[in-house]
Each structure stands twice: as C-alpha cells, then as structure tokens.
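Just below is one structure, and these are the notes that go with it.
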Amino acid sequence: MTVDLEMEQILSIFFQESAEGLDAMESGLLALDASSDRETINTIFRAAHSIKGGAATFGFLEISGFTHAVETLLDQMRDGSRSATSEAVQLLLQAVDVMREMVSLARSKQSIVAPQAEPLTRQLSALLGRPAAKGEPQSGLAPQSGVAPQSGLAPADPAPVAGPDAPIAAADAGVSGWRIEFRPHPSLFATCNDPLRLFRELSAFGELEVQAATEGLPALAGMDPTQCYLHWTLILHASVARAQLAEVFDWVDANSIIVYEPLRSAVPAPASEPRVESAPAAPRAEASSSSAMPSPSAIPSSPAMPRPSKAAADAGSIRVATEKVDALINLVGELVITQSMLSRFSDQYDPSSVEALRRGLAQLSRNTRELQESVLKIRMLPISFSFNRFPRLVHELSRTLGKKVELRLSGENTEIDKTVLEKIGDPLVHLVRNALDHGLETPEARAATGKGDTGLLELNAFHEGGSVIIEVKDDGAGLNKERILAKAQERGLADPAAALTDEQIYDLIFLPGFSTAETVSDVSGRGVGMDVVRRNINDLGGHVHISSRAGQGSTVRIRLPLTLAILEGQMLRVGREIYVISLISIIETVQPRGKHTHTIPGGTEVFKHRDTYLPLVRLHDLFDIEPDESEIDGGLLVVVESDGKRVAILVDELLAQQQVVIKSLDTNFRQIPGLAGATIHGDGTVALILDVPGLIGLYMGKHAPQLAA
C-alpha cells in the first residue's frame with residue numbers, strides 16, 4: 001500500500017514536470033528565430049530530454065519513442081548541423097501537441113494512442129534524413145566546438161526511434177552483436193534505476209544473454225537492500241547501432257561503468273576498441289527491490305508499471321513560494337501564543353482580568369485575520385498560467401487566417417485565485433479568437449486604410465481596487481454598429497423600433513445565436529460563444545464590458561474578483577432583511593431629501609446628486625419586501641458603481657463592515673438575478689450578498705426605455 005502511494009506521488013510529480021517541460025518547449029519554439037541564442041535551443045532540448053527519460057523510466061515507451069525523433073532534431077539544431085527552419089519549428093510545435101496528448105492519456109490511465117504520432121514521426125524522419133539545403137534560413141546558432149555528442153549520439157543520426165528496425169550507423173556495419181559490461185554504482189537502486197527494465201529494453205533488439213557476477217555479494221546479515229552488489233555481462237545477438245544501446249542506458253547513474261564491445265560477423269571489419277561510457281545523471285523514479293536477474297526468456301515484453309488512481313491523476317496542485325509558507329508558519333506560531341495567553345482565563349478568572357482578556361481577544365482577532373489572508377495568498381497564482389497559451393494560439397490562427405499579428409502581453413505577474421484562473425481560460429481563448437477573426441484586418445485591408453500590415457493584439461492584466469481587470473485589445477476595424485444592429489433585428493434579437501445606445505448595440509453580440517459572420521468556418525460563424533463567455537464570467541462573479549471605435553479597434557474589459565471565497569462587505573438592512581454589498585462597489589452614502597427626487601415619464605425615479613441624475617433603486621420594490629419607511633427621507637442612499645454605471649440604492653440602515661465568507665446560491669439553492677451569493681452570520685442567520693453589476697442590469701432592464709429617453 002505504501003509503495004503504491006509513493007509511486008502515485010512520484011508519477012504525479014512526473015506528469016506535473018512534463019507539463020511544465022512542454023510549456024517551456026512551446027514557448028522556446030515560438031521565440032525561436034535567427035536572432036535566438038544557443039540557450040534557447042538548449043532549453044528546448046533539455047525539456048524534451050527530461051520528458052523522454054522520465055517516460056522511459058515509468059514504462060511509457062510510446063512517449064519516449066516518439067520523443068526520441070524530436071530530441072534528435074533538436075540535438076542537430078543545438079550543435080549547428082541543422083538550421084532552425086520554419087518547417088522544422090512547425091513540425092516541433094506539432095510534436096509538442098502530440099506529446100501533450102500522450103502525457104494526458106498516460107495520466108488518465110488510457111491507452112497511449114495519439115492518431116497524429118505515426119504520421120508526424122514519418123515527417124520528422126523524412127526531415128532528419130534530408131540534408132540541410134543551401135541558403136536555408138539559419139537559426140543563428142554556430143556549431144559547438146569541443147563538445148562531444150551526449151550519450152554517443154551522432155549529431156546527424158537519422159533514426160527517429162530506437163528499436164530493432166532503426167538504421168545502423170556506417171561505423172557499426174558488420175556488427176553481429178554486442179558484449180556489454182555493465183558495472184553499476186552501488187547506489188543504482190537508491191537513484192530509482194531498475195536493471196530489469198534495462199535488460200527488457202535490450203531484449204527487444206534480439207536474443208539477450210544475461211550473466212550476473214555475484215562475487216561482490218556480502219553475507220545476508222550484512223546486506224543493505226538499497227545497495228547494488230552485482231554487475232553483469234550482457235551478450236546481445238542483434239545487428240544494432242551502438243548509439244541505440246547507449247539510449248537504453250541513457251538515464252543510468254553517471255558513476256556507473258558501461259563498456260560496449262562489438263561482436264563482428266565473418267565479414268572482415270576494422271577492429272574497434274571497446275568504449276566506456278556513462279549516461280548523464282538524471283532524476284529517476286523507478287524502484288527495484290531485487291538483485292537477481294531472470295533469464296532472457298523470463299523477461300516480459302512490456303513493463304508492468306503501477307499507474308496512479310483516477311483521484312491522484314485528477315488532483316490539482318499549487319506550487320507555493322517559500323516566503324508564503326514561512327509567513328503562514330510564523331502566523332500559526334503567533335496564534336499558538338495567543339491561544340496560550342487566553343487559555344489561562346478558563347482556569348482562573350476575576351473581574352480585574354477583563355482588560356487582559358479584551359486585549360487577548362483583540363490579538364486573536366488580528367491573528368485570525370492575518371492567517372486568513374495568508375491562506376488566501378497561497379491560492380493566488382500569476383495570470384501568466386493562462387496567458388502562456390496565447391502565443392501559440394495567435395501563431396497558429398494568424399497563419400490559418402493569413403494575417404500578420406503582433407501579440408503583446410503585460411501584467412503576467414498579476415495574481416488571481418486559482419479557481420478563477422482555471423475558469424477564465426476558455427472565455428479568454430474565445431475573445432482572442434474573435435479579435436483575430438473579426439477584429440484585425442488582413443495585411444491588404446490594413447494597407448488600404450493606411451495602417452501597417454501587422455495588427456496588434458494586446459492582453460493586459462492589472463489590479464483595480466479589490467478586483468482583477470483583464471483587457472483584450474486590438475487595433476483592428478472596430479465593431480460595426482450598423483451591421484450588428486441589422487443582424488440582430490434580422491434574427492429577431494432586437495426590436496426595430498427601439499432606440500439603442502452604442503453600448504446597448506455592442507451588448508447584442510452577447511445574445512445567444514448572434515453572429516455577423518457570413519459563412520461558417522472553423523473559427524467562427526455558428527452563433528455560439530460570446531453568450532457563453534458572458535455567462536461564464538458572470539458565474540465567476542465578474543462582468544464583461546465592450547468599447548469600440550470605428551477604424552481604431554475594440555477593447556473587451558473583464559472585471560473579476562480576486563477570490564471567490566472572501567468578500568470585504570458593508571452590511572445594510574432593508575426592513576427585517578440583512579444584505580451585504582462589496583465595499584469596492586460603494587462610492588459614498590447620502591442622506592436623501594425628497595426635493596432632490598424626480599419622476600421621469602414612465603414612472604422611473606432619479607435622484608439629483610451634485611450635477612448629475614442617478615437612477616433610484618428601491619431595493620424593497622425590487623425584492624418585494626416590507627421596508628421600515630417607504631418615503632425617501634426616512635432612509636439612506638448608497639451610491640454604487642459598476643462598469644461606469646452609477647445608481648443610488650435606497651436602504652433603511654447601514655450596519656457594520658466586515659469580511660464575509662461567500663456561499664454559492666447556485667449550489668445550495670438556485671441562481672437569482674441581482675444576488676451574488678449568501679453568507680452566514682455568527683448567530684447562524686443568513687444574509688444575501690448583492691451583485692451590484694447584476695442589480696444595475698436588472699434595474700436597467702426594467703427601465704431602459706425611460707432612461708434612454
């Protein structure tokens with residue numbers, strides 16, 4: 001049970017590190033051009049090498065086999081024998097997609113069958129077998145001097161996958177087999193290497209004889225099961241290249257000794273000296289508890305490796321900065337001290353101790369609040385986790401659409417709650433695709449309007465108050481109001497007689513079934529997407545707003561809460577009901593006077609506040625509850641703002657300000673317009689949390705014609 005649990009944990013680390021390695025490969029490949037330095041290629045190569053070795057360690061041979069061709073191509077780019085052409089980079093990007101799919105299948109314990117793996121392997125093999133053409137665009141990487149190929153791999157080795165059918169290098173022609181002396185370091189098992197796996201891979205090439213030398217075995221009483229006391233002589237009867245053998249031992253401890261001696265056929269061939277090699281040290285995660293090796297016939301054809309349970313595979317994880325953990329530990333220490341100070345009052349208490357008790361409770365309150373804030377910070381992750389997908393998306397989609405696009409990212413270090421971060425990804429993808437397809441023009445269209453042929457797409461993130469703002473901007477043609485309105489009326493989504501503002505027209509694109517595309521494509525035109533974007537953002541407690549200028553571009557602005565768990569709230573009362581409103585939404589509170597209230601045609605009330613008129617929202621009317629006083633002079637007005645819109649909410653009384661824990665209405669009851677959730681007070685009563693943007697939208701929906709007039 002313990003071994004299985006440890007293996008699940010190790011596999012989880014492998015999958016997480018593989019995902020990070022694939023992200024690093026993708027980012028490096030997208031940044032690869034003629035001005036790239038050698039370190040860019042090295043970073044991509046190291047990531048591929050680590051994934052290949054780790055996959056082989058855990059028995060995911062489909063992943064390691066496919067990645068071998070990728071690694072070989074990168075190795076040739078690394079030593080300067082092949083250029084980083086656009087064709088090669090595109091193939092490598094496709095290979096990253098296949099590797100990501102394979103890792104995902106392995107993580108979910110499914111058969112590792114990626115449909116694109118085989119044809120892509122053939123393309124990579126064809127590229128590796130084709131010499132670099134003269135005049136080919138160069139990567140700007142000069143050959144490394146004085147650096148031997150790793151693991152004995154020749155830079156131009158065309159073999160895509162190490163296996164029995166791989167081509168034999170010219171230097172190994174005439175070799176009928178190999179005698180391999182394998183003297184592992186005693187720490188072989190401690191580094192999680194398994195000789196059985198190595199011999200199993202060798203047996204795939206042909207008949208394998210295994211002879212174990214046992215003279216180093218100590219007496220049973222003195223044996224350490226974590227140490228390797230054996231060494232082996234291996235006779236492989238197969239005509240394979242030495243580089244393929246080196247691949248098998250690629251991840252063995254660097255302190256181990258491996259001697260390769262070719263067995264020649266009857267055809268005379270130049271004698272070659274045995275070569276001693278050791279593979280570079282690398283982290284391994286496979287354990288072995290047996291030093292006795294079976295005969296070759298007993299070696300199974302495929303490794304029996306434990307796989308993680310579904311729960312382990314699906315479990316999320318967060319990498320937390322050390323300083324955040326240290327702060328949390330310090331706060332727990334402070335909390336323990338405060339608890340110790342308060343515990344003495346349970347044993348001895350007298351009236352003279354009231355002041356000390358009050359100070360202790362105040363200290364406990366501070367400790368609790370700081371602990372709460374520190375715990376919330378642990379869930380905060382930089383939005384770069386979401387932004388990092390877009391360079392690849394823009395790269396691929398701009399090629400598909402025939403457009404030139406420059407992507408600018410800013411605010412990648414802006415932190416947001418992990419749950420919000422995970423759920424905002426898909427809406428952002430749709431907004432970026434829309435900007436590329438509908439917003440930015442083709443190079444010819446841009447040139448005709450006096451613009452540069454390259455469009456600009458910006459993704460910005462920053463904090464504003466207690467919210468996170470994400471903006472998707474483009475410098476394209478902007479939204480065509482007339483066309484949007486005409487399409488909406490044509491589809492019955494807008495009243496032809498209604499006089500709509502620019503903002504109301506822009507909001508039409510969020511209606512289900514709306515699309516201005518003339519034809520359906522892989523990118524757009526089906527009338528789905530933008531309504532889902534708004535719904536998903538609203539489900540997160542956020543809001544989306546669009547602004548546009550003809551010929552200059554559009555901006556989609558998303559406002560999201562920092563966290564979905566805690567809210568800094570203002571308590572307020574209407575009749576017998578208690579509500580909570582976010583502090584960041586409140587502009588001010590006003591003592592109203594009846595003479596400042598006016599009723600416009602249609603029965604809508606407005607309140608004159610300084611030099612402007614604000615819509616007056618009577619909360620008791622909106623939620624159908626009985627107030628203390630229906631006259632405006634008897635209450636208070638809370639002026640709130642969201643997405644540039646302000647209203648004045650009439651309430652009976654303002655209560656305390658405090659942090660509240662948000663409970664989902666959708667989970668526990670059902671979604672209600674104008675309410676963001678609920679919270680539970682210390683006395684067990686429930687207070688509803690007002691959704692200010694939703695409240696404004698609800699009110700405007702009822703009174704839009706009068707307010708527009």
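Identifiers for the structure tokens are assigned positionally: chains receive A, B, ... in sequence, residues are indexed from 1 per chain, and ligands are indexed from 1 in the order shown.
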
query = Can you tell me, as number ranges by chain, what residues are no more than 7 Å from stretch 688-694 of chain A when counting only C-alpha atoms, ignoring any on the same chain fewer than 5 positions away?
reply = A: 578-581, 642, 673-679

message = I'd like the contact shell of A:Glu26 - 12 Å cut-off, only C-alpha atoms, skipping same-chain residues fewer than 3 positions apart - returned as a count of residues only.
response = 35

key: Between atom CA of A:Glu87 and atom CA of A:Ser50 - distance in Å to one decimal   = 24.1 Å
